file data_22.cif (mmCIF, C-alpha atoms)
data_run
loop_
_atom_site.label_atom_id
_atom_site.label_comp_id
_atom_site.auth_asym_id
_atom_site.auth_seq_id
_atom_site.Cartn_x
_atom_site.Cartn_y
_atom_site.Cartn_z
CA MET A 85 70.34 82.78 194.23
CA THR A 86 68.46 82.30 190.97
CA SER A 87 70.41 80.21 188.50
CA HIS A 88 71.05 81.68 185.06
CA PRO A 89 69.89 79.63 182.06
CA PHE A 90 73.54 79.03 181.20
CA GLU A 91 74.92 78.36 184.64
CA ALA A 92 77.35 75.45 184.36
CA GLN A 93 75.73 72.05 184.91
CA ASP A 94 78.99 70.17 185.50
CA LYS A 95 82.01 71.86 187.11
CA ALA A 96 85.37 71.02 185.56
CA SER A 97 88.91 71.77 186.56
CA ALA A 98 90.64 74.99 185.59
CA SER A 99 92.35 73.18 182.73
CA LYS A 100 88.91 72.75 181.12
CA ALA A 101 88.15 76.46 181.20
CA LYS A 102 89.32 77.03 177.62
CA LEU A 103 87.82 73.86 176.18
CA ARG A 104 86.69 74.65 172.65
CA PRO A 105 82.97 74.06 171.97
CA ARG A 106 82.13 71.33 169.49
CA ASP A 107 79.39 71.69 166.90
CA ALA A 108 76.14 70.03 167.93
CA ALA A 109 72.49 70.00 166.91
CA SER A 110 69.20 69.38 168.67
CA LEU A 111 65.67 68.89 167.39
CA ILE A 112 62.51 70.28 168.97
CA LEU A 113 59.77 68.03 167.60
CA ILE A 114 56.21 69.19 168.23
CA ASP A 115 52.96 67.25 167.99
CA ARG A 116 50.12 69.73 167.46
CA ALA A 117 47.36 67.21 166.66
CA GLY A 118 45.57 67.80 169.96
CA SER A 119 44.16 70.89 171.63
CA ARG A 120 47.55 71.69 173.21
CA PRO A 121 50.93 71.19 171.50
CA ARG A 122 53.28 68.55 172.89
CA VAL A 123 57.07 68.37 172.66
CA LEU A 124 59.30 65.28 172.66
CA VAL A 125 61.91 64.91 175.42
CA GLY A 126 63.90 62.05 176.87
CA LYS A 127 66.13 61.39 179.87
CA ARG A 128 69.90 61.18 179.41
CA GLY A 129 71.55 58.16 181.00
CA SER A 130 73.14 58.40 184.43
CA LYS A 131 76.55 57.41 183.02
CA HIS A 132 76.78 60.42 180.72
CA ALA A 133 79.55 62.85 181.68
CA PHE A 134 77.49 65.79 180.39
CA MET A 135 74.05 66.51 181.92
CA PRO A 136 73.32 63.00 183.27
CA ASP A 137 69.75 62.15 184.38
CA LEU A 138 68.31 65.31 182.81
CA TYR A 139 65.46 65.54 180.29
CA VAL A 140 66.46 67.08 176.98
CA PHE A 141 65.45 67.30 173.33
CA PRO A 142 66.92 64.64 171.02
CA GLY A 143 70.30 65.67 169.66
CA GLY A 144 74.06 65.37 169.86
CA ARG A 145 77.36 66.47 168.38
CA ARG A 146 77.97 66.79 164.67
CA ASP A 147 80.07 63.90 163.38
CA ARG A 148 82.52 64.13 160.50
CA GLN A 149 80.42 61.84 158.31
CA ASP A 150 77.23 63.90 158.71
CA ARG A 151 78.32 66.12 155.83
CA ASN A 152 78.04 63.11 153.49
CA LEU A 153 74.62 61.85 154.58
CA PRO A 154 72.02 61.79 151.78
CA PHE A 155 68.99 64.06 151.87
CA MET A 156 65.84 64.21 149.76
CA ARG A 157 65.01 67.90 150.36
CA ASP A 158 67.40 70.65 151.30
CA LEU A 159 66.98 73.25 154.03
CA HIS A 160 64.77 76.23 153.29
CA PRO A 161 67.02 78.95 151.76
CA THR A 162 66.27 81.34 154.64
CA VAL A 163 67.24 78.71 157.21
CA LEU A 164 70.48 77.90 155.40
CA ALA A 165 71.36 81.59 155.14
CA ARG A 166 70.72 82.22 158.84
CA LEU A 167 72.79 79.19 159.84
CA ALA A 168 75.63 80.62 157.76
CA GLY A 169 75.31 84.00 159.45
CA GLY A 170 75.10 85.83 156.16
CA ALA A 171 78.31 84.32 154.76
CA SER A 172 78.38 82.08 151.72
CA GLY A 173 80.38 79.37 149.98
CA PRO A 174 80.02 75.64 149.28
CA SER A 175 82.13 74.57 152.27
CA LEU A 176 80.14 76.69 154.72
CA ALA A 177 76.83 75.53 153.26
CA GLY A 178 77.97 71.93 153.66
CA ARG A 179 78.86 72.50 157.31
CA CYS A 180 75.51 74.16 158.01
CA ARG A 181 73.62 71.38 156.25
CA ALA A 182 75.61 68.81 158.25
CA LEU A 183 74.23 70.31 161.47
CA ALA A 184 70.66 69.70 160.31
CA LEU A 185 71.57 66.20 159.15
CA ALA A 186 73.12 65.52 162.56
CA ALA A 187 69.88 66.53 164.28
CA LEU A 188 67.84 64.08 162.17
CA ARG A 189 70.43 61.31 162.54
CA GLU A 190 70.35 61.71 166.31
CA LEU A 191 66.54 61.70 166.28
CA ASP A 192 66.62 58.33 164.52
CA GLU A 193 69.30 56.85 166.80
CA GLU A 194 67.80 58.13 170.06
CA THR A 195 64.06 57.78 169.44
CA GLY A 196 63.51 55.58 166.37
CA LEU A 197 61.67 58.39 164.57
CA ILE A 198 62.61 59.11 160.97
CA ILE A 199 62.12 62.37 159.09
CA GLY A 200 62.72 61.38 155.51
CA THR A 201 62.62 58.05 153.68
CA LEU A 202 64.05 54.65 154.52
CA GLU A 203 64.68 52.34 151.60
CA THR A 204 65.98 48.78 151.65
CA GLY A 205 68.43 47.97 148.88
CA GLY A 206 69.25 44.67 147.24
CA ASN A 207 71.75 43.82 149.98
CA GLN A 208 68.98 44.36 152.55
CA HIS A 209 70.80 47.35 154.03
CA SER A 210 68.50 50.27 154.80
CA ARG A 211 69.36 53.65 153.35
CA PHE A 212 68.06 56.72 155.16
CA SER A 213 67.54 59.89 153.13
CA ALA A 214 66.77 62.86 155.37
CA ASP A 215 64.10 65.47 154.67
CA LEU A 216 65.49 68.83 155.76
CA GLY A 217 62.82 70.95 154.08
CA ALA A 218 60.53 71.40 157.10
CA LEU A 219 63.23 72.33 159.63
CA ARG A 220 63.21 75.77 161.25
CA TYR A 221 66.31 77.19 162.93
CA VAL A 222 65.02 78.55 166.24
CA ALA A 223 67.92 78.96 168.68
CA ARG A 224 71.64 78.65 169.33
CA ALA A 225 73.45 78.09 172.62
CA ILE A 226 77.12 77.71 173.55
CA THR A 227 77.95 75.85 176.76
CA PRO A 228 79.86 78.16 179.13
CA PRO A 229 83.49 77.51 180.13
CA GLY A 230 83.94 75.29 183.17
CA ASN A 231 81.86 72.34 181.98
CA VAL A 232 83.32 68.89 181.33
CA ARG A 233 81.97 69.18 177.77
CA ARG A 234 81.26 72.26 175.68
CA PHE A 235 78.97 72.42 172.67
CA ASP A 236 77.91 75.06 170.16
CA THR A 237 74.37 73.76 169.67
CA ARG A 238 71.93 74.81 166.97
CA PHE A 239 68.31 74.07 167.78
CA PHE A 240 66.03 73.05 164.92
CA LEU A 241 62.26 72.66 165.12
CA THR A 242 59.58 70.95 163.09
CA PHE A 243 56.07 69.52 163.45
CA CYS A 244 54.95 65.90 163.28
CA ASP A 245 52.14 66.65 160.82
CA GLU A 246 54.53 68.38 158.42
CA THR A 247 56.99 65.50 158.39
CA GLY A 248 54.71 62.46 158.57
CA VAL A 249 56.02 61.43 161.99
CA ASP A 250 53.85 59.07 164.05
CA PRO A 251 54.15 60.24 167.70
CA GLY A 252 53.33 56.73 168.89
CA ALA A 253 56.39 55.20 167.19
CA ILE A 254 58.95 56.44 169.73
CA ARG A 255 61.24 53.91 171.41
CA ASP A 256 63.77 54.35 174.19
CA SER A 257 67.47 53.92 173.41
CA ALA A 258 70.79 53.76 175.21
CA GLU A 259 71.11 57.52 174.69
CA LEU A 260 67.61 58.68 175.70
CA GLN A 261 65.27 56.87 178.06
CA ASP A 262 61.74 57.51 179.31
CA LEU A 263 60.80 59.31 176.10
CA GLN A 264 57.71 61.46 176.61
CA TRP A 265 55.45 63.83 174.72
CA LEU A 266 54.98 66.70 177.14
CA ASP A 267 52.41 69.45 177.14
CA MET A 268 54.55 72.42 176.09
CA HIS A 269 52.85 74.59 178.69
CA ASP A 270 53.36 72.19 181.61
CA VAL A 271 56.89 70.81 181.95
CA SER A 272 57.46 71.82 185.56
CA GLY A 273 57.55 68.24 186.83
CA LEU A 274 60.67 67.18 184.93
CA ASN A 275 64.33 67.71 185.79
CA MET A 276 65.53 69.73 182.80
CA PRO A 277 68.65 71.83 182.20
CA ALA A 278 67.91 75.51 182.63
CA ILE A 279 68.80 76.22 179.02
CA THR A 280 66.32 73.60 177.77
CA ARG A 281 63.52 75.28 179.71
CA THR A 282 64.60 78.70 178.52
CA ILE A 283 64.61 77.77 174.85
CA LEU A 284 61.25 76.04 175.23
CA GLU A 285 59.87 79.25 176.73
CA ASP A 286 61.29 81.17 173.78
CA VAL A 287 59.55 78.81 171.35
CA ARG A 288 56.25 79.13 173.19
CA THR A 289 56.51 82.90 172.93
CA GLN A 290 57.25 82.72 169.20
CA MET A 291 54.28 80.39 168.64
CA LYS A 292 51.94 82.85 170.36
CA ASP A 293 52.78 85.36 167.65
CA ASP A 294 52.51 82.83 164.82
CA PRO A 295 51.80 79.13 165.56
CA SER A 296 53.26 78.12 162.20
CA LEU A 297 56.71 79.50 163.11
CA PRO A 298 57.76 80.95 159.72
CA PHE A 299 61.17 79.86 158.45
CA GLY A 300 62.55 83.39 158.74
CA SER A 301 61.57 83.95 162.38
CA ASP A 302 64.22 85.34 164.72
CA GLY A 303 65.52 83.24 167.58
CA PRO A 304 67.79 83.62 170.63
CA PHE A 305 71.53 83.06 170.80
CA TYR A 306 72.84 82.36 174.32
CA PHE A 307 76.56 82.60 175.10
CA SER A 308 78.99 83.76 177.78
CA ARG A 309 81.93 86.13 177.61
CA ARG A 310 84.36 87.04 180.40
CA GLY A 311 82.09 85.49 183.00
CA ARG A 312 78.95 87.30 181.82
CA PHE A 313 75.97 85.74 180.08
CA PHE A 314 74.34 87.23 177.02
CA ARG A 315 71.26 86.77 174.90
CA ASP A 316 71.60 87.85 171.29
CA THR A 317 69.67 87.02 168.11
CA ILE A 318 70.58 84.40 165.54
#

call {"tool": "encode", "arguments": {"input": "data_22.cif", "output": "structure tokens"}}
result
Amino acid sequence: MTSHPFEAQDKASASKAKLRPRDAASLILIDRAGSRPRVLVGKRGSKHAFMPDLYVFPGGRRDRQDRNLPFMRDLHPTVLARLAGGASGPSLAGRCRALALAALRELDEETGLIIGTLETGGNQHSRFSADLGALRYVARAITPPGNVRRFDTRFFLTFCDETGVDPGAIRDSAELQDLQWLDMHDVSGLNMPAITRTILEDVRTQMKDDPSLPFGSDGPFYFSRRGRFFRDTI
């Protein structure tokens, strides 16, 4: 039987079936300096309850304090509007912005890469100010019921050359190990969640139409309802 992109990775007890998804964010970082674009992935630790030993994009859940993180450039207006689903209001905008800030915070914590500025103050404490201006919003996915963890994940994307990221500066962490820049068209050798592969395929298709991936480009939204899996548009 062919597995669906959102087939549960970890089976939980029946009491977990109605577990509410938590907000999360992931970053698809692409290095397009060479003849073929490369994407950054890392391996989750074996002790993780959710998707252990699988290769994923950097990312994690949105924390309460992410809303208060400083940023030097805001999200593109089209990206912010699409994250909000057409609604408006300061509170909603803050929540949407917090998702993007979470993605960049996780990138720093998991890989050592910074998108923004890092300044050292008089007390020698570093202050990170995120640059959200180059982030595209390319996909959304909600973990199906029956998993030990459930997340409502928004996938952002940007390019190393647009953000000043040095691809050689990656470092493994307790969260992500064996960090690699993979040829986007040849990831068959790695053990990835089905949804990670699916979204990467979606991005490749979008980049065929326009390699720059305009900020207003459509993207997929994967979710389940009453045991059926759906693909909608964000």

call {"tool": "closest_atom_pairs", "arguments": {"input": "data_22.cif", "of": "region 228-313 of chain A", "to": "region 139-160 of chain A", "cutoff": "12 Å", "atoms": "all atoms listed in the file", "output": "tab-separated table"}}
result
residue	atom	partner	partner_atom	distance
A:Arg233	CA	A:Arg145	CA	10.8
A:Arg234	CA	A:Arg145	CA	10.1
A:Phe235	CA	A:Arg145	CA	7.5
A:Asp236	CA	A:Arg145	CA	8.8
A:Thr237	CA	A:Arg145	CA	8.0
A:Arg238	CA	A:Gly143	CA	9.7
A:Phe239	CA	A:Gly143	CA	8.8
A:Phe240	CA	A:Gly143	CA	9.8
A:Leu241	CA	A:Phe141	CA	10.3
A:Thr242	CA	A:Leu159	CA	11.9
A:Thr247	CA	A:Arg157	CA	11.6
A:Ile254	CA	A:Pro142	CA	11.5
A:Asp256	CA	A:Pro142	CA	11.2
A:Ser257	CA	A:Pro142	CA	11.0
A:Glu259	CA	A:Pro142	CA	9.0
A:Leu260	CA	A:Pro142	CA	7.6
A:Gln261	CA	A:Tyr139	CA	9.0
A:Asp262	CA	A:Tyr139	CA	8.9
A:Leu263	CA	A:Tyr139	CA	8.8
A:Gln264	CA	A:Tyr139	CA	9.5
A:Trp265	CA	A:Phe141	CA	10.7
A:Leu266	CA	A:Tyr139	CA	11.0
A:Val271	CA	A:Tyr139	CA	10.2
A:Ser272	CA	A:Tyr139	CA	11.5
A:Gly273	CA	A:Tyr139	CA	10.6
A:Leu274	CA	A:Tyr139	CA	6.9
A:Asn275	CA	A:Tyr139	CA	6.0
A:Met276	CA	A:Tyr139	CA	4.9
A:Pro277	CA	A:Tyr139	CA	7.3
A:Ala278	CA	A:Val140	CA	10.3
A:Ile279	CA	A:Val140	CA	9.7
A:Thr280	CA	A:Val140	CA	6.6
A:Arg281	CA	A:Val140	CA	9.1
A:Thr282	CA	A:Val140	CA	11.9
A:Ile283	CA	A:Phe141	CA	10.6
A:Leu284	CA	A:Phe141	CA	9.9
A:Pro298	CA	A:His160	CA	10.6
A:Phe299	CA	A:His160	CA	7.3
A:Gly300	CA	A:His160	CA	9.3

call {"tool": "resolve_selection", "arguments": {"input": "data_22.cif", "expression": "the PyMOL selection byres ((chain A and resi 221) around 12)", "output": "PDB file with C-alpha atoms, in the frame of the given file"}}
result
ATOM      1  CA  ALA A 109      72.490  70.000 166.910  1.00  0.00           C
ATOM      2  CA  SER A 110      69.200  69.380 168.670  1.00  0.00           C
ATOM      3  CA  LEU A 111      65.670  68.890 167.390  1.00  0.00           C
ATOM      4  CA  ILE A 112      62.510  70.280 168.970  1.00  0.00           C
ATOM      5  CA  LEU A 159      66.980  73.250 154.030  1.00  0.00           C
ATOM      6  CA  HIS A 160      64.770  76.230 153.290  1.00  0.00           C
ATOM      7  CA  PRO A 161      67.020  78.950 151.760  1.00  0.00           C
ATOM      8  CA  THR A 162      66.270  81.340 154.640  1.00  0.00           C
ATOM      9  CA  VAL A 163      67.240  78.710 157.210  1.00  0.00           C
ATOM     10  CA  LEU A 164      70.480  77.900 155.400  1.00  0.00           C
ATOM     11  CA  ALA A 165      71.360  81.590 155.140  1.00  0.00           C
ATOM     12  CA  ARG A 166      70.720  82.220 158.840  1.00  0.00           C
ATOM     13  CA  LEU A 167      72.790  79.190 159.840  1.00  0.00           C
ATOM     14  CA  ALA A 168      75.630  80.620 157.760  1.00  0.00           C
ATOM     15  CA  GLY A 169      75.310  84.000 159.450  1.00  0.00           C
ATOM     16  CA  CYS A 180      75.510  74.160 158.010  1.00  0.00           C
ATOM     17  CA  ARG A 181      73.620  71.380 156.250  1.00  0.00           C
ATOM     18  CA  LEU A 183      74.230  70.310 161.470  1.00  0.00           C
ATOM     19  CA  ALA A 184      70.660  69.700 160.310  1.00  0.00           C
ATOM     20  CA  ALA A 187      69.880  66.530 164.280  1.00  0.00           C
ATOM     21  CA  LEU A 216      65.490  68.830 155.760  1.00  0.00           C
ATOM     22  CA  GLY A 217      62.820  70.950 154.080  1.00  0.00           C
ATOM     23  CA  ALA A 218      60.530  71.400 157.100  1.00  0.00           C
ATOM     24  CA  LEU A 219      63.230  72.330 159.630  1.00  0.00           C
ATOM     25  CA  ARG A 220      63.210  75.770 161.250  1.00  0.00           C
ATOM     26  CA  VAL A 222      65.020  78.550 166.240  1.00  0.00           C
ATOM     27  CA  ALA A 223      67.920  78.960 168.680  1.00  0.00           C
ATOM     28  CA  ARG A 224      71.640  78.650 169.330  1.00  0.00           C
ATOM     29  CA  THR A 237      74.370  73.760 169.670  1.00  0.00           C
ATOM     30  CA  ARG A 238      71.930  74.810 166.970  1.00  0.00           C
ATOM     31  CA  PHE A 239      68.310  74.070 167.780  1.00  0.00           C
ATOM     32  CA  PHE A 240      66.030  73.050 164.920  1.00  0.00           C
ATOM     33  CA  LEU A 241      62.260  72.660 165.120  1.00  0.00           C
ATOM     34  CA  THR A 242      59.580  70.950 163.090  1.00  0.00           C
ATOM     35  CA  VAL A 287      59.550  78.810 171.350  1.00  0.00           C
ATOM     36  CA  LEU A 297      56.710  79.500 163.110  1.00  0.00           C
ATOM     37  CA  PRO A 298      57.760  80.950 159.720  1.00  0.00           C
ATOM     38  CA  PHE A 299      61.170  79.860 158.450  1.00  0.00           C
ATOM     39  CA  GLY A 300      62.550  83.390 158.740  1.00  0.00           C
ATOM     40  CA  SER A 301      61.570  83.950 162.380  1.00  0.00           C
ATOM     41  CA  ASP A 302      64.220  85.340 164.720  1.00  0.00           C
ATOM     42  CA  GLY A 303      65.520  83.240 167.580  1.00  0.00           C
ATOM     43  CA  PRO A 304      67.790  83.620 170.630  1.00  0.00           C
ATOM     44  CA  PHE A 305      71.530  83.060 170.800  1.00  0.00           C
ATOM     45  CA  THR A 317      69.670  87.020 168.110  1.00  0.00           C
ATOM     46  CA  ILE A 318      70.580  84.400 165.540  1.00  0.00           C
TER      47      ILE A 318
END

call {"tool": "residues_around", "arguments": {"input": "data_22.cif", "residues": "Arg255 (chain A)", "least_positions_apart": "3", "cutoff": "8 Å", "atoms": "only C-alpha atoms", "output": "MDAnalysis selection string"}}
result
chainID A and resid 194:196 263

call {"tool": "resolve_selection", "arguments": {"input": "data_22.cif", "expression": "the PyMOL selection byres ((chain A and resi 308) around 10)", "output": "VMD selection string"}}
result
chain A and resid 90 to 91 225 to 229 306 to 307 309 to 315

call {"tool": "resolve_selection", "arguments": {"input": "data_22.cif", "expression": "the PyMOL selection byres ((chain A and resi 268) around 9)", "output": "PyMOL selection string"}}
result
chain A and resi 114+120-123+265-267+269-271+284-285+288

call {"tool": "closest_residue", "arguments": {"input": "data_22.cif", "among": "A:Ala108, A:Ala186, A:Ala117, A:Leu138", "to": "Glu246 (chain A)", "atoms": "only C-alpha atoms"}}
result
A:Ala117

call {"tool": "atom_distance", "arguments": {"input": "data_22.cif", "atom1": "CA of Asp115 (chain A)", "atom2": "CA of Val249 (chain A)"}}
result
8.9 Å

call {"tool": "build_atoms", "arguments": {"input": "data_22.cif", "residues": "region 282-306 of chain A", "atoms": "N, CA, C and O atoms", "output": "CSV table (one decimal), in the frame of the given file"}}
result
chain,number,residue,atom,x,y,z
A,282,THR,N,64.6,77.3,179.1
A,282,THR,CA,64.6,78.7,178.5
A,282,THR,C,64.3,78.7,177.0
A,282,THR,O,63.5,79.5,176.6
A,283,ILE,N,64.9,77.8,176.3
A,283,ILE,CA,64.6,77.8,174.8
A,283,ILE,C,63.2,77.3,174.6
A,283,ILE,O,62.5,77.8,173.7
A,284,LEU,N,62.6,76.4,175.4
A,284,LEU,CA,61.2,76.0,175.2
A,284,LEU,C,60.3,77.2,175.5
A,284,LEU,O,59.3,77.4,174.8
A,285,GLU,N,60.7,78.0,176.5
A,285,GLU,CA,59.9,79.2,176.7
A,285,GLU,C,60.0,80.2,175.5
A,285,GLU,O,59.0,80.8,175.2
A,286,ASP,N,61.1,80.3,175.0
A,286,ASP,CA,61.3,81.2,173.8
A,286,ASP,C,60.4,80.7,172.6
A,286,ASP,O,59.8,81.5,171.9
A,287,VAL,N,60.4,79.4,172.4
A,287,VAL,CA,59.6,78.8,171.4
A,287,VAL,C,58.1,79.1,171.6
A,287,VAL,O,57.3,79.4,170.7
A,288,ARG,N,57.7,78.9,172.9
A,288,ARG,CA,56.2,79.1,173.2
A,288,ARG,C,55.9,80.6,172.9
A,288,ARG,O,54.8,80.9,172.4
A,289,THR,N,56.8,81.5,173.2
A,289,THR,CA,56.5,82.9,172.9
A,289,THR,C,56.4,83.2,171.4
A,289,THR,O,55.5,83.9,171.0
A,290,GLN,N,57.3,82.6,170.7
A,290,GLN,CA,57.2,82.7,169.2
A,290,GLN,C,55.9,82.2,168.6
A,290,GLN,O,55.4,82.7,167.7
A,291,MET,N,55.5,81.0,169.2
A,291,MET,CA,54.3,80.4,168.6
A,291,MET,C,53.0,81.2,169.0
A,291,MET,O,52.0,81.0,168.3
A,292,LYS,N,53.1,82.0,170.0
A,292,LYS,CA,51.9,82.8,170.4
A,292,LYS,C,51.7,83.9,169.2
A,292,LYS,O,50.6,84.2,168.9
A,293,ASP,N,52.9,84.4,168.7
A,293,ASP,CA,52.8,85.4,167.6
A,293,ASP,C,52.3,84.7,166.3
A,293,ASP,O,51.6,85.3,165.6
A,294,ASP,N,52.9,83.5,166.0
A,294,ASP,CA,52.5,82.8,164.8
A,294,ASP,C,52.7,81.3,165.0
A,294,ASP,O,53.9,80.9,165.0
A,295,PRO,N,51.7,80.6,165.3
A,295,PRO,CA,51.8,79.1,165.6
A,295,PRO,C,52.5,78.3,164.5
A,295,PRO,O,53.0,77.2,164.8
A,296,SER,N,52.6,78.9,163.3
A,296,SER,CA,53.3,78.1,162.2
A,296,SER,C,54.8,78.3,162.2
A,296,SER,O,55.5,77.5,161.6
A,297,LEU,N,55.3,79.2,163.0
A,297,LEU,CA,56.7,79.5,163.1
A,297,LEU,C,57.3,79.6,161.7
A,297,LEU,O,58.0,78.7,161.2
A,298,PRO,N,57.2,80.8,161.1
A,298,PRO,CA,57.8,81.0,159.7
A,298,PRO,C,59.3,80.7,159.7
A,298,PRO,O,60.0,80.9,160.7
A,299,PHE,N,59.8,80.2,158.6
A,299,PHE,CA,61.2,79.9,158.4
A,299,PHE,C,62.1,81.0,158.7
A,299,PHE,O,63.2,80.8,159.2
A,300,GLY,N,61.7,82.2,158.5
A,300,GLY,CA,62.6,83.4,158.7
A,300,GLY,C,62.4,84.0,160.1
A,300,GLY,O,63.0,85.1,160.3
A,301,SER,N,61.7,83.4,161.0
A,301,SER,CA,61.6,84.0,162.4
A,301,SER,C,62.9,84.1,163.1
A,301,SER,O,63.8,83.2,163.0
A,302,ASP,N,63.0,85.2,163.9
A,302,ASP,CA,64.2,85.3,164.7
A,302,ASP,C,64.2,84.3,165.9
A,302,ASP,O,63.2,83.8,166.2
A,303,GLY,N,65.4,84.1,166.4
A,303,GLY,CA,65.5,83.2,167.6
A,303,GLY,C,66.6,83.7,168.5
A,303,GLY,O,67.5,84.5,168.1
A,304,PRO,N,66.8,83.2,169.7
A,304,PRO,CA,67.8,83.6,170.6
A,304,PRO,C,69.1,82.9,170.4
A,304,PRO,O,69.2,81.8,169.9
A,305,PHE,N,70.2,83.6,170.8
A,305,PHE,CA,71.5,83.1,170.8
A,305,PHE,C,72.1,83.3,172.2
A,305,PHE,O,72.3,84.5,172.6
A,306,TYR,N,72.3,82.2,173.0
A,306,TYR,CA,72.8,82.4,174.3
A,306,TYR,C,74.3,82.0,174.4
A,306,TYR,O,74.7,81.0,173.8
